[in-house]
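Take a look at the structure below.
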Amino acid sequence: MSLFSREADAYSLTLSIDEAHVLINLVEQLLELLGEGDFQHHYDMNDPFAQLMAMQQEIAAPEDPVLKRLLPNAYADPEAADDFRRYTEPALRRNKQDGLRSIRAALTVLVDNDSAGVIEELDAQMWLKVINDLRLALSVRLEINADSFQLFENMPDEDPQKGIYAVYFWLGWLQESLLELLTQ
């Protein structure tokens, strides 16, 4: 069973091979979804002038409900929201993609070794952000609400949705366990 642990200021995660595969699958699906649109530039993004040159004139609010949740409007006013999105969304998408790619790389090492293993000295804050994004994405798709756990508990084992709900609640447990370590 998965377990975050901490020794001094070093965090690690123990996962089974099956858990690693589940996380890789979720990470890749979210990477695919966040890849919507062209947010890759060939500019030196550390250069403020290059950032201005690379800035797109307009970035529309996403249509997909998951992206709406992960990349919400900052303002109720559509014009202000669109203007803010133009300045912030490319970097926000890149940051989310970078975290997802980093976690996928760490998980791939476990899978390539074809056994349960430990991811050592992980970036706890990045893992927390990625797990949160994965949970948000699943919560939108599953339409999670206050009654969802009871619904899950009452589902027959043969229900194909039961496994997806189980993954959602497992991610919540992972997130909570990491939060507890971070706040100690």
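Chains: A, B, ... in order of the structure tokens. Residues: from 1 per chain. Ligands: from 1, in order shown.
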
Give me, as a compact mmCIF listing (two decimals) with C-alpha atoms, in the first residue's frame, all polymer residues having an atom no more than 8 Å from range 109-120 of chain A, counting only C-alpha atoms and skipping those fewer than 5 positions away in the same chain.
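For reference, out20.txt as written:
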```
# COMPACT_ATOMS: atom_id res chain seq x y z
CA ALA A 10 13.48 14.42 3.00
CA TYR A 11 10.17 13.02 1.74
CA SER A 12 9.66 9.67 0.05
CA LEU A 13 6.79 7.63 -1.32
CA THR A 14 6.43 3.87 -1.34
CA LEU A 15 4.19 2.53 -4.11
CA SER A 16 3.24 -0.84 -5.51
CA ILE A 17 3.73 -1.37 -9.22
CA ALA A 20 2.48 3.49 -9.98
CA HIS A 21 0.68 2.39 -13.16
```

Could you write out, as a PyMOL selection string, all the residues of chain A that DSSP marks as alpha helix (DSSP H)? chain A and resi 17-34+48-54+65-70+78-112+124-142+148-154+160-182

Find the residues around Ala166 in chain A up to 12 Å (only C-alpha atoms counted), leave out those fewer than 3 positions away in its own chain, and share them as a compact mmCIF listing (two decimals) with C-alpha atoms, in the first residue's frame.
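Below you can see result.txt, which holds the result:
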```txt
# COMPACT_ATOMS: atom_id res chain seq x y z
CA GLU A 19 -0.33 2.06 -7.88
CA VAL A 22 -2.56 4.03 -12.00
CA ARG A 135 -8.23 14.85 -7.65
CA LEU A 138 -11.52 13.26 -11.25
CA SER A 139 -13.97 15.17 -9.05
CA LEU A 142 -17.28 12.00 -11.38
CA SER A 148 -20.39 10.64 -3.29
CA PHE A 149 -18.73 8.53 -0.61
CA LEU A 151 -22.75 6.35 -3.34
CA PHE A 152 -19.35 4.64 -3.63
CA GLU A 153 -19.97 2.53 -0.53
CA MET A 155 -22.03 0.51 -5.43
CA ASP A 157 -18.31 -4.39 -6.90
CA ASP A 159 -20.01 -1.46 -11.25
CA PRO A 160 -17.32 -0.15 -13.63
CA GLN A 161 -17.44 3.25 -11.90
CA LYS A 162 -16.50 1.77 -8.51
CA GLY A 163 -12.83 1.51 -9.43
CA PHE A 169 -10.71 8.40 -2.63
CA TRP A 170 -7.23 6.80 -2.66
CA LEU A 171 -5.79 10.05 -4.06
CA GLY A 172 -7.55 11.89 -1.23
CA TRP A 173 -5.92 9.60 1.28
```

Which residues come within 8 Å of Ala61 in chain A, counting only C-alpha atoms, excluding same-chain residues fewer than 3 positions away, as a list in words?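 That gives Lys68, Asn73, Asp82 and Arg85 of chain A.
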
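If only C-alpha atoms are the atoms counted, then among A:Ile103, A:Ile164, A:Leu33, A:Leu70 the closest residue to Asn132 in chain A is A:Leu70.
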
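You can rank A:Thr108, A:Ser2, A:Thr183, A:Ser177 by their closest distance to Glu28 in chain A using only C-alpha atoms, and at the top of that list sits A:Thr108.
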
For a quick check of understanding, using only C-alpha atoms, which of A:Leu122, A:Ala76, A:Ala81, A:Ala8 has the smallest distance to Ala60 in chain A? A:Ala81

Have a look at CA of Phe4 in chain A and CA of Ala106 in chain A and let me know their distance in Å, one decimal.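 That distance, rounded to one decimal, is 14.3 Å.
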
Based on the backbone DSSP call, show me all residues of range 4-125 of chain A assigned strand (DSSP E), as an MDAnalysis selection string. chainID A and resid 4:7 10:15 117:122

Go ahead and save the residues from that selection, with N, CA and C atoms, as a CSV table (one decimal), in the first residue's frame.
```csv
chain,number,residue,atom,x,y,z
A,4,PHE,N,3.5,7.9,2.1
A,4,PHE,CA,4.4,8.9,2.1
A,4,PHE,C,5.1,8.9,3.5
A,5,SER,N,6.4,9.2,3.5
A,5,SER,CA,7.1,9.2,4.7
A,5,SER,C,8.1,10.4,4.7
A,6,ARG,N,8.6,10.8,5.9
A,6,ARG,CA,9.5,11.9,6.0
A,6,ARG,C,10.6,11.5,7.0
A,7,GLU,N,11.8,11.8,6.6
A,7,GLU,CA,12.9,11.7,7.5
A,7,GLU,C,13.7,13.0,7.5
A,10,ALA,N,13.5,15.2,4.2
A,10,ALA,CA,13.5,14.4,3.0
A,10,ALA,C,12.2,13.6,3.0
A,11,TYR,N,11.4,13.7,1.9
A,11,TYR,CA,10.2,13.0,1.7
A,11,TYR,C,10.4,11.9,0.7
A,12,SER,N,9.6,10.8,1.0
A,12,SER,CA,9.7,9.7,0.0
A,12,SER,C,8.3,9.1,-0.1
A,13,LEU,N,8.1,8.3,-1.1
A,13,LEU,CA,6.8,7.6,-1.3
A,13,LEU,C,7.0,6.2,-1.7
A,14,THR,N,6.4,5.3,-1.0
A,14,THR,CA,6.4,3.9,-1.3
A,14,THR,C,5.2,3.5,-2.1
A,15,LEU,N,5.3,2.9,-3.3
A,15,LEU,CA,4.2,2.5,-4.1
A,15,LEU,C,4.3,1.1,-4.6
A,117,GLY,N,8.3,-0.1,-5.1
A,117,GLY,CA,9.6,0.7,-4.8
A,117,GLY,C,9.3,2.0,-4.1
A,118,VAL,N,10.4,2.7,-3.9
A,118,VAL,CA,10.3,3.9,-3.1
A,118,VAL,C,10.9,5.0,-4.0
A,119,ILE,N,10.1,6.1,-4.1
A,119,ILE,CA,10.6,7.3,-4.7
A,119,ILE,C,11.3,8.2,-3.6
A,120,GLU,N,12.6,8.3,-3.7
A,120,GLU,CA,13.3,9.0,-2.6
A,120,GLU,C,13.4,10.5,-2.9
A,121,GLU,N,13.5,11.3,-1.8
A,121,GLU,CA,13.8,12.7,-1.9
A,121,GLU,C,12.9,13.4,-2.9
A,122,LEU,N,11.7,13.2,-2.8
A,122,LEU,CA,10.7,13.8,-3.8
A,122,LEU,C,10.4,15.3,-3.3
```

Nearest to Glu63 in chain A by atom-to-atom distance, counting only C-alpha atoms, from A:Leu34, A:Gln175, A:Asp123, A:Gln184: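 Answer, going by the shortest atom-to-atom distance: A:Leu34.
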
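Using only C-alpha atoms, the nearest neighbour of Val130 in chain A within the list A:Leu100, A:Leu107, A:Leu174, A:Ala74 is A:Leu100.
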
Need to verify the contact set: Glu89 in chain A, 9 Å, only C-alpha atoms, exclusion of same-chain residues closer than 4 positions in sequence. Can you return it as a ChimeraX atom specification? /A:39,59,71,84-85,93-94

I need the residues from that last selection saved to file as a compact mmCIF listing (two decimals), in the first residue's frame (with C-alpha atoms), if you can.
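Everything below was put into selection38.txt:
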```
# COMPACT_ATOMS: atom_id res chain seq x y z
CA PHE A 39 1.70 27.00 -25.29
CA ILE A 59 -6.54 32.92 -25.05
CA LEU A 71 -7.64 27.05 -15.08
CA PHE A 84 -5.79 38.13 -17.03
CA ARG A 85 -5.85 34.70 -18.72
CA ARG A 93 -0.22 25.41 -17.90
CA ARG A 94 3.56 25.03 -18.21
```

With only C-alpha atoms as the atoms that count, which of A:Glu79, A:Val27, A:Arg141, A:Pro65 lies nearest to Gly99 in chain A?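 Distance minimum relative to Gly99 in chain A lands on A:Val27.
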
How many Å lie between CA of Leu30 in chain A and CA of Leu179 in chain A, rounded to one decimal?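 That distance, rounded to one decimal, is 22.0 Å.
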